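Raw contents of data-v7.csv, CSV, C-alpha atoms:
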```
chain,number,residue,atom,x,y,z
A,1,MET,CA,220.5,8.8,237.6
A,2,ALA,CA,220.2,9.2,241.3
A,3,ILE,CA,219.1,12.8,241.0
A,4,ALA,CA,216.5,11.8,238.4
A,5,ALA,CA,215.1,9.0,240.6
A,6,SER,CA,214.8,11.3,243.6
A,7,GLY,CA,212.8,13.9,241.6
A,8,CYS,CA,209.9,11.8,240.4
A,9,THR,CA,206.5,10.7,241.7
A,10,THR,CA,206.5,7.3,243.3
A,11,MET,CA,203.8,5.2,241.7
A,12,PRO,CA,202.9,1.9,243.4
A,13,MET,CA,202.4,-1.2,241.3
A,14,LYS,CA,199.8,-3.5,242.9
A,15,GLU,CA,197.7,-6.3,241.4
A,16,SER,CA,194.2,-4.9,240.8
A,17,GLY,CA,192.5,-8.1,239.6
A,18,THR,CA,191.9,-6.8,236.0
A,19,LEU,CA,194.2,-9.4,234.3
A,20,THR,CA,193.1,-13.0,233.3
A,21,SER,CA,196.2,-14.2,235.2
A,22,TYR,CA,199.1,-12.8,237.2
A,23,SER,CA,201.0,-16.1,237.5
A,24,ASN,CA,202.8,-15.7,234.2
A,25,LEU,CA,204.3,-12.3,235.0
A,26,GLY,CA,208.0,-12.0,235.7
A,27,VAL,CA,209.7,-10.3,238.6
A,28,ALA,CA,209.2,-6.5,239.0
A,29,LYS,CA,211.8,-4.2,237.5
A,30,ASP,CA,212.3,-0.6,238.5
A,31,LYS,CA,214.3,1.8,236.4
A,32,LEU,CA,214.3,5.6,237.1
A,33,GLY,CA,210.8,5.5,238.6
A,34,LYS,CA,209.3,3.2,236.0
A,35,LYS,CA,208.1,-0.2,237.3
A,36,ARG,CA,206.9,-3.1,235.3
A,37,ARG,CA,206.2,-6.8,235.3
A,38,PHE,CA,205.4,-8.5,232.0
A,39,TYR,CA,204.9,-11.8,230.3
A,40,VAL,CA,205.0,-12.5,226.5
A,41,ASP,CA,204.5,-15.7,224.5
A,42,GLY,CA,206.6,-14.8,221.5
A,43,GLN,CA,206.0,-18.1,219.7
A,44,GLN,CA,202.3,-17.6,219.6
A,45,LEU,CA,202.5,-13.9,218.8
A,46,ALA,CA,204.5,-14.7,215.7
A,47,GLN,CA,201.4,-16.3,214.2
A,48,VAL,CA,199.2,-13.3,214.9
A,49,LYS,CA,198.0,-11.2,211.9
A,50,THR,CA,195.0,-9.2,213.2
A,51,VAL,CA,194.5,-7.2,216.4
A,52,ARG,CA,191.6,-5.4,217.9
A,53,ILE,CA,192.0,-2.9,220.8
A,54,VAL,CA,189.3,-2.6,223.4
A,55,PRO,CA,189.0,1.0,224.6
A,56,THR,CA,190.9,1.5,227.9
A,57,SER,CA,188.8,1.6,231.0
A,58,PHE,CA,189.5,2.7,234.6
A,59,THR,CA,189.2,1.0,238.0
A,60,PHE,CA,186.9,2.7,240.4
A,61,ILE,CA,189.9,4.0,242.4
A,62,ALA,CA,191.6,5.5,239.4
A,63,ALA,CA,188.5,7.0,238.0
A,64,SER,CA,187.7,8.7,241.4
A,65,LYS,CA,191.0,10.6,241.3
A,66,VAL,CA,190.0,12.4,238.0
A,67,LYS,CA,187.3,15.0,238.2
A,68,THR,CA,185.7,14.8,234.7
A,69,ASP,CA,184.9,12.2,232.1
A,70,ALA,CA,186.6,14.4,229.5
A,71,ASN,CA,189.9,14.2,231.3
A,72,ARG,CA,189.6,10.4,231.7
A,73,ALA,CA,188.9,10.2,228.0
A,74,LEU,CA,192.0,12.2,227.2
A,75,VAL,CA,194.2,9.7,229.0
A,76,SER,CA,192.5,6.6,227.6
A,77,ASN,CA,192.4,7.9,224.0
A,78,ALA,CA,196.1,8.9,224.2
A,79,LEU,CA,196.9,5.4,225.4
A,80,ASP,CA,194.8,3.5,222.8
A,81,ARG,CA,195.8,5.8,219.9
A,82,ALA,CA,199.5,5.3,220.7
A,83,LEU,CA,199.0,1.5,220.9
A,84,CYS,CA,197.0,1.4,217.6
A,85,VAL,CA,199.6,3.4,215.7
A,86,ALA,CA,202.6,1.4,217.0
A,87,LEU,CA,201.0,-2.0,216.5
A,88,SER,CA,200.1,-1.1,212.9
A,89,ASP,CA,203.8,-1.6,212.1
A,90,LYS,CA,203.3,-5.4,212.3
A,91,TYR,CA,199.6,-6.2,212.6
A,92,GLN,CA,196.4,-5.4,210.8
A,93,ILE,CA,194.2,-3.4,213.3
A,94,VAL,CA,190.5,-4.2,213.1
A,95,PRO,CA,187.4,-2.7,214.9
A,96,THR,CA,186.3,-4.4,218.1
A,97,ASN,CA,183.1,-5.7,216.4
A,98,GLN,CA,185.2,-7.9,214.1
A,99,PRO,CA,187.0,-11.1,215.0
A,100,ALA,CA,190.7,-10.9,215.5
A,101,ASP,CA,193.6,-13.2,216.3
A,102,LEU,CA,194.5,-11.0,219.3
A,103,THR,CA,192.4,-8.7,221.6
A,104,ILE,CA,194.1,-6.1,223.7
A,105,ARG,CA,192.6,-4.8,226.9
A,106,SER,CA,194.1,-2.0,229.1
A,107,VAL,CA,192.9,-0.7,232.4
A,108,VAL,CA,194.2,2.4,234.2
A,109,THR,CA,194.6,1.1,237.8
A,110,ASP,CA,195.9,4.3,239.5
A,111,ILE,CA,196.5,8.0,238.8
A,112,VAL,CA,198.3,10.7,240.7
A,113,PRO,CA,196.8,14.0,239.5
A,114,THR,CA,199.2,16.8,238.4
A,115,ASN,CA,199.1,19.9,240.6
A,116,LYS,CA,198.1,22.5,238.0
A,117,ASP,CA,199.4,25.4,240.0
A,118,MET,CA,202.8,23.9,240.4
A,119,ALA,CA,202.8,22.9,236.7
A,120,ALA,CA,202.1,26.5,235.7
A,121,ALA,CA,204.9,27.7,237.9
A,122,ALA,CA,207.3,25.1,236.4
A,123,THR,CA,206.3,26.2,232.9
A,124,VAL,CA,207.1,29.8,233.6
A,125,VAL,CA,210.5,28.8,234.9
A,126,SER,CA,211.4,26.3,232.2
A,127,VAL,CA,210.1,28.3,229.2
A,128,GLY,CA,211.4,31.6,230.5
A,129,GLY,CA,214.7,30.1,231.4
A,130,GLY,CA,215.0,28.6,227.9
A,131,PHE,CA,214.4,31.9,226.2
A,132,ALA,CA,216.9,33.7,228.5
A,133,LEU,CA,219.8,31.4,227.7
A,134,PRO,CA,222.1,32.5,224.9
A,135,ASP,CA,221.7,30.5,221.6
A,136,ASN,CA,225.3,29.2,221.6
A,137,ILE,CA,224.7,27.3,224.8
A,138,PRO,CA,223.4,23.7,224.1
A,139,LEU,CA,220.2,23.2,226.1
A,140,VAL,CA,218.8,19.7,226.9
A,141,GLY,CA,216.1,21.1,229.1
A,142,ILE,CA,215.5,23.2,232.2
A,143,PRO,CA,214.7,20.9,235.2
A,144,ARG,CA,211.1,21.1,236.3
A,145,ILE,CA,210.1,22.1,239.8
A,146,PRO,CA,210.0,18.6,241.5
A,147,PHE,CA,206.7,19.1,243.3
A,148,GLY,CA,203.1,18.3,242.3
A,149,LEU,CA,204.2,15.8,239.7
A,150,GLY,CA,201.6,13.2,238.5
A,151,GLY,CA,201.8,9.6,237.5
A,152,LEU,CA,200.0,6.6,236.0
A,153,ALA,CA,199.6,2.9,236.6
A,154,VAL,CA,198.2,0.5,234.0
A,155,GLU,CA,197.5,-3.2,233.6
A,156,ALA,CA,197.1,-4.6,230.1
A,157,GLU,CA,197.0,-8.0,228.4
A,158,ALA,CA,196.6,-9.5,225.0
A,159,VAL,CA,194.4,-12.6,224.7
A,160,ASP,CA,193.9,-14.9,221.7
A,161,ASN,CA,190.5,-15.9,220.3
A,162,LEU,CA,190.2,-18.6,222.9
A,163,ASN,CA,190.8,-16.0,225.7
A,164,VAL,CA,194.2,-17.4,226.4
A,165,GLN,CA,196.7,-14.8,227.7
A,166,ARG,CA,199.6,-14.3,225.3
A,167,ALA,CA,201.1,-11.2,226.8
A,168,ALA,CA,200.5,-9.1,229.8
A,169,MET,CA,202.0,-6.2,231.7
A,170,MET,CA,201.7,-4.3,234.9
A,171,TRP,CA,203.3,-0.9,234.6
A,172,ALA,CA,203.6,2.2,236.7
A,173,ARG,CA,205.6,5.5,236.2
A,174,GLY,CA,205.6,8.8,237.9
A,175,ALA,CA,206.6,12.0,236.1
A,176,ASN,CA,210.3,12.9,236.3
A,177,PHE,CA,211.4,16.5,236.9
A,178,LEU,CA,214.1,16.1,234.3
A,179,GLN,CA,212.3,14.3,231.5
A,180,ASP,CA,208.6,15.2,231.7
A,181,LYS,CA,207.3,18.6,230.6
A,182,PRO,CA,204.7,20.3,233.0
A,183,ARG,CA,201.2,20.9,231.6
A,184,TYR,CA,198.4,22.9,233.1
A,185,SER,CA,196.0,20.0,233.6
A,186,GLU,CA,195.2,17.5,236.4
A,187,VAL,CA,195.9,14.7,233.9
A,188,GLY,CA,198.9,16.5,232.2
A,189,ASP,CA,201.4,13.9,233.4
A,190,ALA,CA,199.0,10.9,233.1
A,191,TYR,CA,198.4,12.0,229.5
A,192,ASN,CA,202.1,11.9,228.7
A,193,GLN,CA,202.7,8.6,230.6
A,194,ALA,CA,199.9,6.9,228.7
A,195,SER,CA,201.9,7.2,225.5
A,196,LYS,CA,205.0,5.9,227.3
A,197,PHE,CA,203.1,2.8,228.5
A,198,ALA,CA,201.8,2.2,225.0
A,199,ALA,CA,205.3,2.4,223.6
A,200,ASP,CA,206.6,-0.2,226.1
A,201,PHE,CA,203.7,-2.7,225.7
A,202,SER,CA,203.6,-2.4,221.9
A,203,LYS,CA,207.4,-3.1,221.6
A,204,ILE,CA,206.9,-6.3,223.6
A,205,LEU,CA,204.0,-7.4,221.5
A,206,ILE,CA,205.9,-6.7,218.3
A,207,VAL,CA,209.3,-8.3,219.1
A,208,GLY,CA,207.8,-11.1,221.3
A,209,ARG,CA,210.4,-10.6,224.0
A,210,GLU,CA,211.8,-7.9,226.2
A,211,PRO,CA,213.0,-5.2,223.9
A,212,LYS,CA,216.4,-3.5,224.0
A,213,MET,CA,216.7,-0.4,226.2
A,214,LEU,CA,218.0,1.7,223.3
A,215,ASP,CA,216.0,1.6,220.1
A,216,ALA,CA,217.8,3.1,217.1
A,217,SER,CA,215.3,2.1,214.5
A,218,ILE,CA,213.9,4.6,212.1
A,219,PRO,CA,210.1,5.3,212.6
A,220,SER,CA,207.9,3.9,209.9
A,221,ARG,CA,206.3,6.3,207.4
A,222,HIS,CA,202.9,5.8,208.8
A,223,ARG,CA,204.1,6.5,212.3
A,224,VAL,CA,205.5,9.9,211.2
A,225,GLN,CA,202.3,10.6,209.3
A,226,SER,CA,200.2,9.8,212.4
A,227,TRP,CA,202.5,11.9,214.7
A,228,LEU,CA,201.9,14.8,212.4
A,229,GLY,CA,198.1,14.4,212.8
A,230,GLY,CA,197.6,12.6,209.5
A,231,LYS,CA,195.4,9.7,208.6
A,232,PRO,CA,196.3,6.4,210.4
A,233,LYS,CA,197.3,3.3,208.5
A,234,TYR,CA,194.1,1.5,209.5
A,235,ALA,CA,190.7,3.1,209.8
A,236,ALA,CA,190.1,1.4,213.1
A,237,CYS,CA,192.6,3.7,214.7
A,238,GLU,CA,190.3,6.7,213.9
A,239,ALA,CA,188.2,5.6,216.9
A,240,PHE,CA,190.9,6.9,219.2
A,241,GLY,CA,191.4,10.3,217.5
A,242,ARG,CA,194.4,11.6,215.7
A,243,SER,CA,197.7,13.0,217.2
A,244,PRO,CA,197.8,16.7,217.8
A,245,GLY,CA,201.0,16.8,215.8
A,246,VAL,CA,203.0,20.0,215.6
A,247,GLN,CA,200.3,22.0,217.5
A,248,GLY,CA,200.6,19.5,220.3
A,249,ALA,CA,204.4,19.8,220.5
A,250,VAL,CA,204.1,23.5,220.7
A,251,ALA,CA,201.4,23.3,223.4
A,252,THR,CA,203.6,20.9,225.4
A,253,LYS,CA,206.5,23.3,225.3
A,254,PHE,CA,204.4,26.1,226.7
A,255,GLY,CA,202.6,23.9,229.3
A,256,LEU,CA,199.2,24.3,227.7
A,257,PRO,CA,196.4,21.7,228.7
A,258,PRO,CA,196.4,18.7,226.3
A,259,GLN,CA,192.6,19.1,225.7
A,260,TRP,CA,193.4,22.3,223.8
A,261,THR,CA,195.1,20.5,221.0
A,262,ASP,CA,194.2,16.8,221.3
A,263,LYS,CA,191.9,15.7,218.5
A,264,LYS,CA,188.8,13.9,219.6
A,265,PRO,CA,187.7,10.6,218.0
A,266,LYS,CA,185.4,10.9,215.0
A,267,SER,CA,181.8,10.2,215.9
A,268,GLY,CA,180.4,7.1,214.4
A,269,VAL,CA,183.7,5.2,214.1
A,270,THR,CA,183.6,1.9,215.9
A,271,PRO,CA,186.5,1.3,218.3
```
Could I get this structure in the form of structure tokens?
Amino acid sequence: MAIAASGCTTMPMKESGTLTSYSNLGVAKDKLGKKRRFYVDGQQLAQVKTVRIVPTSFTFIAASKVKTDANRALVSNALDRALCVALSDKYQIVPTNQPADLTIRSVVTDIVPTNKDMAAAATVVSVGGGFALPDNIPLVGIPRIPFGLGGLAVEAEAVDNLNVQRAAMMWARGANFLQDKPRYSEVGDAYNQASKFAADFSKILIVGREPKMLDASIPSRHRVQSWLGGKPKYAACEAFGRSPGVQGAVATKFGLPPQWTDKKPKSGVTP
């Protein structure tokens, strides 16, 4: 654990003024480079049936660290898509132009870009090393070169139809040289971290409390279908594109840019 903590990007977690309130948030927790503060009103969330997801936005500071709109869209769509698929386990997801019991807003407050050259070198080492090892040696993963790693910080909240905050989270995580695969893109790590944030926030919204560290539950059928790039459970999720599926997994292994396999949202679909 000490080695893993020392080989990750340090992401600060600072209030950026994007939440309705920060007074409800609990104390900050830091585990292996992931920091978070959160609040959840489980009693009120138990009454929620419909949810709408406002497309993720960026603060000026975060946006200025990413060169292109396309790369920013990669990160925001990955975050919203993961949220939409996960929350479909419990709630009905509706487009943003329809009323809902709960509205979710997420804002990327900071990004540390990935050093593409270092990511390329790390990919050569990890992929080449993996192929070089004999098949009878169990391989968890080749450690990544611990330089040039990226990171992501997000603030998100869920408000009811009276704009009362029912859940909120400040979250920041830097890529870890043991756990995060390098990808040849300035947002390679941020793209991966976006899904990790969505997993954390959606669990809190679904269970109405802090979830257990280890989740041994079996993924729902629609989650597996969505991961494979199939049709989501609710049409509203089409606004955030579909998962790259097996192609994405292969691309990740070989360090290819996420934009090569990420499926863009369908035009004409209302978020």
What is the atom CA of A:Ser217 to atom CA of A:Lys203 distance in Å?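 Separation between atom CA of A:Ser217 and atom CA of A:Lys203: 11.8 Å.
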Test item: residues at most 8 Å from A:Arg183, all atoms listed in the file, excluding those fewer than 2 positions along its chain, as a ChimeraX atom specification: /A:116,119-120,123,181,185,188-189,252,254-258
I want to know what sits within 8 Å of stretch 35-46 of chain A, based on all atoms listed in the file, with residues of the same chain fewer than 4 positions away left out; could you give that as an mmCIF file with C-alpha atoms, in the coordinates of the input?
```
data_model
loop_
_atom_site.group_PDB
_atom_site.id
_atom_site.type_symbol
_atom_site.label_atom_id
_atom_site.label_comp_id
_atom_site.auth_asym_id
_atom_site.auth_seq_id
_atom_site.Cartn_x
_atom_site.Cartn_y
_atom_site.Cartn_z
ATOM 1 C CA MET A 13 202.400 -1.200 241.300
ATOM 2 C CA ASN A 24 202.800 -15.700 234.200
ATOM 3 C CA LEU A 25 204.300 -12.300 235.000
ATOM 4 C CA GLY A 26 208.000 -12.000 235.700
ATOM 5 C CA VAL A 27 209.700 -10.300 238.600
ATOM 6 C CA ALA A 28 209.200 -6.500 239.000
ATOM 7 C CA LYS A 29 211.800 -4.200 237.500
ATOM 8 C CA ASP A 30 212.300 -0.600 238.500
ATOM 9 C CA LYS A 31 214.300 1.800 236.400
ATOM 10 C CA ARG A 166 199.600 -14.300 225.300
ATOM 11 C CA ALA A 167 201.100 -11.200 226.800
ATOM 12 C CA ALA A 168 200.500 -9.100 229.800
ATOM 13 C CA MET A 169 202.000 -6.200 231.700
ATOM 14 C CA MET A 170 201.700 -4.300 234.900
ATOM 15 C CA TRP A 171 203.300 -0.900 234.600
ATOM 16 C CA ALA A 172 203.600 2.200 236.700
ATOM 17 C CA ARG A 173 205.600 5.500 236.200
ATOM 18 C CA ILE A 204 206.900 -6.300 223.600
ATOM 19 C CA LEU A 205 204.000 -7.400 221.500
ATOM 20 C CA ILE A 206 205.900 -6.700 218.300
ATOM 21 C CA VAL A 207 209.300 -8.300 219.100
ATOM 22 C CA GLY A 208 207.800 -11.100 221.300
ATOM 23 C CA ARG A 209 210.400 -10.600 224.000
#
```
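Closest approach to A:Val85 from the set A:Arg223, A:Lys34, A:Arg242, A:Lys253 is made by A:Arg223, with distances taken over only C-alpha atoms.
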Between A:Pro211, A:Ala235, A:Lys90, A:Glu186, which residue has the minimum interatomic distance to A:Ala70, considering all atoms listed in the file?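 The answer is A:Glu186, which sits nearest to A:Ala70.
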Which of A:Asn71, A:Ser220, A:Thr261, A:Gln247 sits closest to A:Pro113 [using only C-alpha atoms]: A:Asn71
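Of the listed residues A:Pro12, A:Pro55, A:Gly174, A:Pro99, the one whose atoms come nearest to A:Gly241 is A:Pro55, with distances taken using only C-alpha atoms.
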Please measure the separation of atom CA of A:Lys212 and atom CA of A:Asp89, giving the value in Å to one decimal. 17.4 Å
Quick one: pull the distance between atom CA of A:Lys233 and atom CA of A:Lys49, Å, one decimal.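 Separating atom CA of A:Lys233 from atom CA of A:Lys49 is a distance of 14.9 Å.
Considering the residues A:Ala190, A:Ala239, A:Val54, A:Ala249 and counting all atoms listed in the file, A:Val66 has its shortest atom-to-atom contact with A:Ala190.
Using all atoms listed in the file, the nearest neighbour of A:Pro271 within the list A:Val94, A:Val224, A:Val187, A:Ala78 is A:Val94.
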Using only C-alpha atoms, what residues lie at most 12 Å away from (187.3, 8.6, 237.0) (file coordinates), given as an NGL selection string? :A and (57-76 or 107-113 or 186-187)
